[in-house]
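S.K.: After the structure tokens below, expect a handful of questions from me.
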Amino acid sequence: MPMYRKLTTAAAVAALAFGLAACGGGGSDEPTATAPPPTTTPDPMPPAPTPVDVTLPDTPMGHAAMAGMYSIPAGGSATSGGVMFSCAAGGEDCAVTVAEDGTAMALGGDVEASLTEVAQMALDEENQAAALVARNRIIGEDSAIEGATALPARATASATSGLDRVNIRVTRGAGAAARVRVTPAPAGYTPAEEAAMSNGDWAGTRLTRIVGPNTDQLVVYTDIEQPDRVQFYDFDAKATTDARYAYPGTLPTDSGGNQRAFLPTDTITPLTIGGATAGAGAFSRATLDPNEFPQPGPSAGGDVTQRYRMATAAALTHSFKGNYNGAAGTYICTVTTAGDPCIVTVAPNGAYTQTQGTWTFTPELNSLAYQGDGTFMSFGWWLRTPNNPDGAYAFEYYADGTAYAPTQDAANASTPPRGTATYSGRAAGRYVIQTVEAAGVTGGMSGEFTAAATLTANFSAQDAQGAAAPTVEGSITGFQGEMGAMSGWEVTLHRQALANDAAALGANFTGNQLDPTLPRFNGATATMGDQTAYGSWTGQFFGNQVDATGTNVNRAAPIGVGGTFHADNDAASIAGAFGANR
């Protein structure tokens, strides 16, 4: 305690002395407050240096910079692989880090990266080889498009693609998009990862397959619509009613022997499913009730089989409620041996097999079934691209649809329609434009396009002597490429003569006069930017006008027209197909 008092007293004396000194020896006895000493802030630490990206040059194969850290004095350089890093003189030393992913960062002075002399020579050789391959591919595709051929008629396969028009199946189910597949041959076509280019309101599909050293590509456009709902049978007994299936029995009649509408008390004759008789229904995935019949499994799993047990051993039949092609009704399966089950098998590709039992379907009265679009059109193109530089390109195109075949009566069968008709639709195809210099072809560009198609048919045209001479002509405009609008592109489909016969209008018409300097030129003229090329075009009318009774009207203009066109010169080629509706 005494020591504590001494310390306290001493502290007080010191404080007082300090106060007196601060007063500067003044005469006042009052203590004076003083400001605390100023606080000093230490200088901030310099920021850590930020690594800077180093732009690496394109390197040839085997000459990339190797991962690691490189210290380079100012004004010096370091080599890694085929890349030389240089540190600017007069500044800081440099540190370069090359990551495993091939990127590079630098600290310190400015760093530039360039190829070594050996790497530059190797890159030049690679570029020359790539340019040669690109040139050869341009020449090869140009040759293929210049010699474009049409897919042959049904049941006659092309020697090049193995396709004919019947192989390209276009379908559309209720509530579904258009479906395009290649069947029954050639096999291997599957939907491509890259979708078909948009083409107005025509649905597009792109299919591909690998065949040896080649890649085949098939692009199809169609205007197929969703199915309609129509009567399953002619339940109202009216000739004008659109019924999906022909009634397999005798329609009911009144007391006078006239056909009448079905009544709830009438017995409805069932539809045989999968039979060979006229009016038999299809045993297919598109029509069978998916809740009652087996569905295809993955290809690796093989066929899927379902067994249906008999209700009783003596009945020899098995029945259940379901729908067939959208109509409600009753399925019945009959076997020949008591107790045997009905058996149905479906393959991964959707093909059904009835291995045991005979099937029928009885629709409910006034039920409705789906009626598929029967007047649609399709068009497109096929390209074979070789996967090696020495392979050969091939190109084919096609247009297809419901045949125009007016058959109302024999007396007027040859009378064609009269008046004019305008057809509007879409087109698609491919093109090549080569870069030609004094040394020959040095490069070029190629790609695909979509466009608008417009045609006009004059079925009442006459020649100079007044004889009937119907004609057709048109144009392909509004070109769109993979990179957008293609300004200055147009194809003129020059006027062609048509057959003055209704039945013959369903056959192909062909512009075979290819020289534009001669009179009555009926080929095609293509303008592609600063290129002008000449060629030919073909067409065919599709679709029948149907009257209230469901009979074709032979004096009505065809519903649609489709065809193909191609043109070429020394530097450019274009080929495609179109479909248009009245």
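Going by the structure tokens order, chains are called A, B, ..., each with residues numbered from 1, while ligands are numbered from 1 in the order shown.
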Within 6 Å of region 439-456 of chain A, counting only C-alpha atoms, which residues show up once you throw out same-chain ones fewer than 4 positions away? Write them as an NGL selection string, please.
M.R.: :A and (135 or 421-435 or 472-481)
S.K.: Name the residues in contact with Gly75 (chain A) at a cut-off of 9 Å, using only C-alpha atoms, excluding same-chain residues fewer than 4 positions from it; report them as a PyMOL selection string.
M.R.: chain A and resi 86-91+93
S.K.: Within 12 Å of Ser536 (chain A), counting only C-alpha atoms, which residues qualify if same-chain residues fewer than 2 places away don't, as a PyMOL selection string?
M.R.: chain A and resi 146-149+491-496+509-516+521-526+533-534+538-539+563-568+574-577
S.K.: Using only C-alpha atoms, please write the residues we just selected to a file, as a tab-separated table (two decimals), in the first residue's frame.
M.R.:
chain	number	residue	atom	x	y	z
A	146	GLU	CA	-24.09	-29.62	-111.51
A	147	GLY	CA	-24.97	-33.22	-112.35
A	148	ALA	CA	-27.97	-33.35	-109.98
A	149	THR	CA	-30.47	-36.10	-110.70
A	491	VAL	CA	-34.30	-18.49	-110.06
A	492	THR	CA	-36.66	-17.96	-113.00
A	493	LEU	CA	-38.64	-20.99	-114.13
A	494	HIS	CA	-39.29	-20.08	-117.74
A	495	ARG	CA	-42.56	-20.84	-119.47
A	496	GLN	CA	-43.25	-24.42	-120.46
A	509	PHE	CA	-43.33	-31.70	-117.66
A	510	THR	CA	-39.71	-30.85	-118.43
A	511	GLY	CA	-37.92	-27.75	-119.67
A	512	ASN	CA	-35.54	-29.38	-122.12
A	513	GLN	CA	-34.53	-26.28	-124.08
A	514	LEU	CA	-31.41	-25.22	-122.19
A	515	ASP	CA	-29.91	-22.56	-124.49
A	516	PRO	CA	-31.22	-19.13	-123.38
A	521	PHE	CA	-36.29	-21.11	-123.96
A	522	ASN	CA	-38.10	-23.11	-121.29
A	523	GLY	CA	-35.26	-23.88	-118.89
A	524	ALA	CA	-34.17	-22.10	-115.70
A	525	THR	CA	-32.10	-18.97	-115.14
A	526	ALA	CA	-30.40	-18.57	-111.77
A	533	ALA	CA	-26.28	-19.63	-114.54
A	534	TYR	CA	-28.65	-21.54	-116.82
A	538	THR	CA	-39.21	-30.06	-114.11
A	539	GLY	CA	-42.62	-30.24	-112.52
A	563	GLY	CA	-40.77	-30.01	-109.08
A	564	THR	CA	-37.03	-29.56	-109.23
A	565	PHE	CA	-34.57	-27.09	-110.76
A	566	HIS	CA	-30.85	-26.73	-111.30
A	567	ALA	CA	-28.47	-24.36	-113.10
A	568	ASP	CA	-24.70	-23.98	-113.40
A	574	ILE	CA	-27.48	-24.46	-107.69
A	575	ALA	CA	-30.06	-27.23	-107.40
A	576	GLY	CA	-33.22	-27.71	-105.41
A	577	ALA	CA	-36.85	-28.74	-105.28
S.K.: What is the CA of Arg307 (chain A)-CA of Tyr245 (chain A) distance in Å, reported with one decimal?
M.R.: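 Distance reported for this atom pair: 27.9 Å.
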S.K.: In Å, with one decimal, what is the gap from CA of Gly173 (chain A) to CA of Ala195 (chain A)?
M.R.: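 Between these atoms lies a distance of 20.4 Å.
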S.K.: I'd like to know which residues of region 156-352 of chain A are helix (DSSP H, G or I) (by DSSP, run on the backbone); could you write them as a PyMOL selection string?
M.R.: chain A and resi 165-167+299-301
S.K.: Record the distance separating CA of Asp463 (chain A) and CA of Arg520 (chain A), expressed in Å with one decimal.
M.R.: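 Between these atoms lies a distance of 12.5 Å.
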S.K.: For region 367-382 of chain A, please output as number ranges by chain all residues within 7 Å (counting only C-alpha atoms; exclusion window: fewer than 2 positions along the same chain).
M.R.: A: 217-232, 244, 325-328, 363-365, 384, 395-402, 428-429, 543, 576-579
S.K.: Those same residues - C-alpha atoms - I'd like them written as a short mmCIF file (atom, residue, chain, number, x, y, z; two decimals), in the first residue's frame.
M.R.:
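Full text of out-v5.cif as output:
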data_model
loop_
_atom_site.label_atom_id
_atom_site.label_comp_id
_atom_site.auth_asym_id
_atom_site.auth_seq_id
_atom_site.Cartn_x
_atom_site.Cartn_y
_atom_site.Cartn_z
CA GLN A 217 -27.98 -36.54 -95.47
CA LEU A 218 -31.67 -36.41 -96.39
CA VAL A 219 -33.71 -33.21 -95.94
CA VAL A 220 -37.49 -33.42 -96.39
CA TYR A 221 -40.17 -30.71 -96.24
CA THR A 222 -43.90 -31.46 -96.14
CA ASP A 223 -47.22 -29.65 -95.76
CA ILE A 224 -49.02 -32.67 -94.29
CA GLU A 225 -51.80 -31.68 -91.89
CA GLN A 226 -53.15 -33.42 -88.81
CA PRO A 227 -55.79 -36.10 -89.43
CA ASP A 228 -59.49 -35.24 -89.50
CA ARG A 229 -62.20 -36.92 -87.43
CA VAL A 230 -64.69 -38.72 -89.68
CA GLN A 231 -67.28 -41.48 -89.26
CA PHE A 232 -65.84 -44.94 -88.73
CA ARG A 244 -62.83 -43.91 -92.78
CA ASN A 325 -57.68 -45.48 -84.75
CA GLY A 326 -59.38 -43.15 -82.28
CA ALA A 327 -62.82 -44.81 -82.30
CA ALA A 328 -64.31 -46.50 -79.24
CA PRO A 363 -67.02 -49.75 -83.35
CA GLU A 364 -69.69 -48.12 -81.25
CA LEU A 365 -72.59 -46.54 -83.14
CA ARG A 384 -23.58 -37.77 -99.88
CA PHE A 395 -26.64 -35.05 -104.99
CA GLU A 396 -30.26 -35.92 -105.73
CA TYR A 397 -33.57 -34.09 -105.30
CA TYR A 398 -37.24 -34.92 -105.49
CA ALA A 399 -40.85 -33.72 -105.20
CA ASP A 400 -43.81 -35.96 -104.44
CA GLY A 401 -47.48 -35.85 -103.55
CA THR A 402 -50.94 -37.25 -104.16
CA ALA A 428 -35.00 -25.85 -100.69
CA GLY A 429 -31.68 -27.05 -102.02
CA GLY A 543 -53.88 -33.47 -105.84
CA GLY A 576 -33.22 -27.71 -105.41
CA ALA A 577 -36.85 -28.74 -105.28
CA PHE A 578 -40.15 -27.01 -104.56
CA GLY A 579 -43.77 -27.61 -103.60
#
S.K.: Taking 5 positions as the minimum chain separation for residues in the same chain, which residues sit within 6 Å of Ala261 (chain A) when counting only C-alpha atoms? Answer as a VMD selection string.
M.R.: chain A and resid 235 to 237
S.K.: If you count only C-alpha atoms, which residues fall within 12 Å of Thr59 (chain A), apart from same-chain ones fewer than 3 positions away, as a ChimeraX atom specification?
M.R.: /A:55-56,62-66,80-84,102,113-127
S.K.: Please dump the current selection as a compact mmCIF listing (two decimals), in the first residue's frame; keep C-alpha atoms.
M.R.:
# COMPACT_ATOMS: atom_id res chain seq x y z
CA THR A 55 -2.32 -14.50 -76.79
CA LEU A 56 -0.91 -17.68 -78.27
CA GLY A 62 2.90 -31.37 -82.44
CA HIS A 63 4.15 -27.82 -81.86
CA ALA A 64 1.95 -26.54 -79.02
CA ALA A 65 3.54 -24.88 -75.97
CA MET A 66 4.18 -27.32 -73.13
CA SER A 80 8.37 -24.03 -75.41
CA GLY A 81 7.38 -26.45 -78.15
CA GLY A 82 6.93 -24.36 -81.28
CA VAL A 83 6.14 -21.15 -79.33
CA MET A 84 8.69 -18.45 -78.39
CA GLY A 102 -3.00 -24.71 -73.35
CA ALA A 113 4.20 -15.13 -78.13
CA SER A 114 5.12 -16.10 -81.67
CA LEU A 115 5.88 -19.26 -83.65
CA THR A 116 9.38 -20.49 -84.07
CA GLU A 117 10.69 -20.70 -87.61
CA VAL A 118 10.27 -24.48 -87.68
CA ALA A 119 6.70 -24.25 -86.35
CA GLN A 120 5.81 -21.54 -88.86
CA MET A 121 6.99 -23.74 -91.72
CA ALA A 122 4.92 -26.64 -90.40
CA LEU A 123 1.84 -24.39 -90.06
CA ASP A 124 2.25 -23.14 -93.63
CA GLU A 125 2.34 -26.73 -94.85
CA GLU A 126 -0.78 -27.59 -92.84
CA ASN A 127 -2.63 -24.56 -94.20
S.K.: DSSP says strand (DSSP E) for which residues of region 161-375 of chain A? Put them as a PyMOL selection string?
M.R.: chain A and resi 168-171+179-182+190-191+203-211+214-222+228-231+271-273+304-308+317-324+327-334+342-346+352-356+358-363+368-371
S.K.: Near region 211-216 of chain A, within 6 Å and counting only C-alpha atoms, which residues show up once chain neighbours fewer than 6 positions away are dropped, as a PDB file with N, CA and C atoms, in the first residue's frame?
M.R.:
ATOM      1  N   LEU A 383     -27.848 -35.635-100.059  1.00  0.00           N
ATOM      2  CA  LEU A 383     -26.442 -35.334-100.334  1.00  0.00           C
ATOM      3  C   LEU A 383     -25.564 -36.381 -99.676  1.00  0.00           C
ATOM      4  N   ARG A 384     -24.609 -36.887-100.433  1.00  0.00           N
ATOM      5  CA  ARG A 384     -23.581 -37.774 -99.879  1.00  0.00           C
ATOM      6  C   ARG A 384     -22.283 -36.986 -99.764  1.00  0.00           C
ATOM      7  N   THR A 385     -21.755 -36.914 -98.542  1.00  0.00           N
ATOM      8  CA  THR A 385     -20.501 -36.211 -98.278  1.00  0.00           C
ATOM      9  C   THR A 385     -19.434 -37.229 -97.907  1.00  0.00           C
ATOM     10  N   PRO A 386     -18.325 -37.290 -98.635  1.00  0.00           N
ATOM     11  CA  PRO A 386     -17.260 -38.244 -98.278  1.00  0.00           C
ATOM     12  C   PRO A 386     -16.521 -37.783 -97.036  1.00  0.00           C
ATOM     13  N   ASN A 387     -16.149 -38.715 -96.196  1.00  0.00           N
ATOM     14  CA  ASN A 387     -15.396 -38.388 -94.981  1.00  0.00           C
ATOM     15  C   ASN A 387     -13.891 -38.361 -95.211  1.00  0.00           C
TER      16      ASN A 387
END
S.K.: When distances are computed from only C-alpha atoms, which of A:Thr420, A:Thr41, A:Thr269, A:Gln259 shows the smallest separation from Tyr247 (chain A)?
M.R.: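 Nearest candidate to Tyr247 (chain A) out of A:Thr420, A:Thr41, A:Thr269, A:Gln259: A:Thr269.
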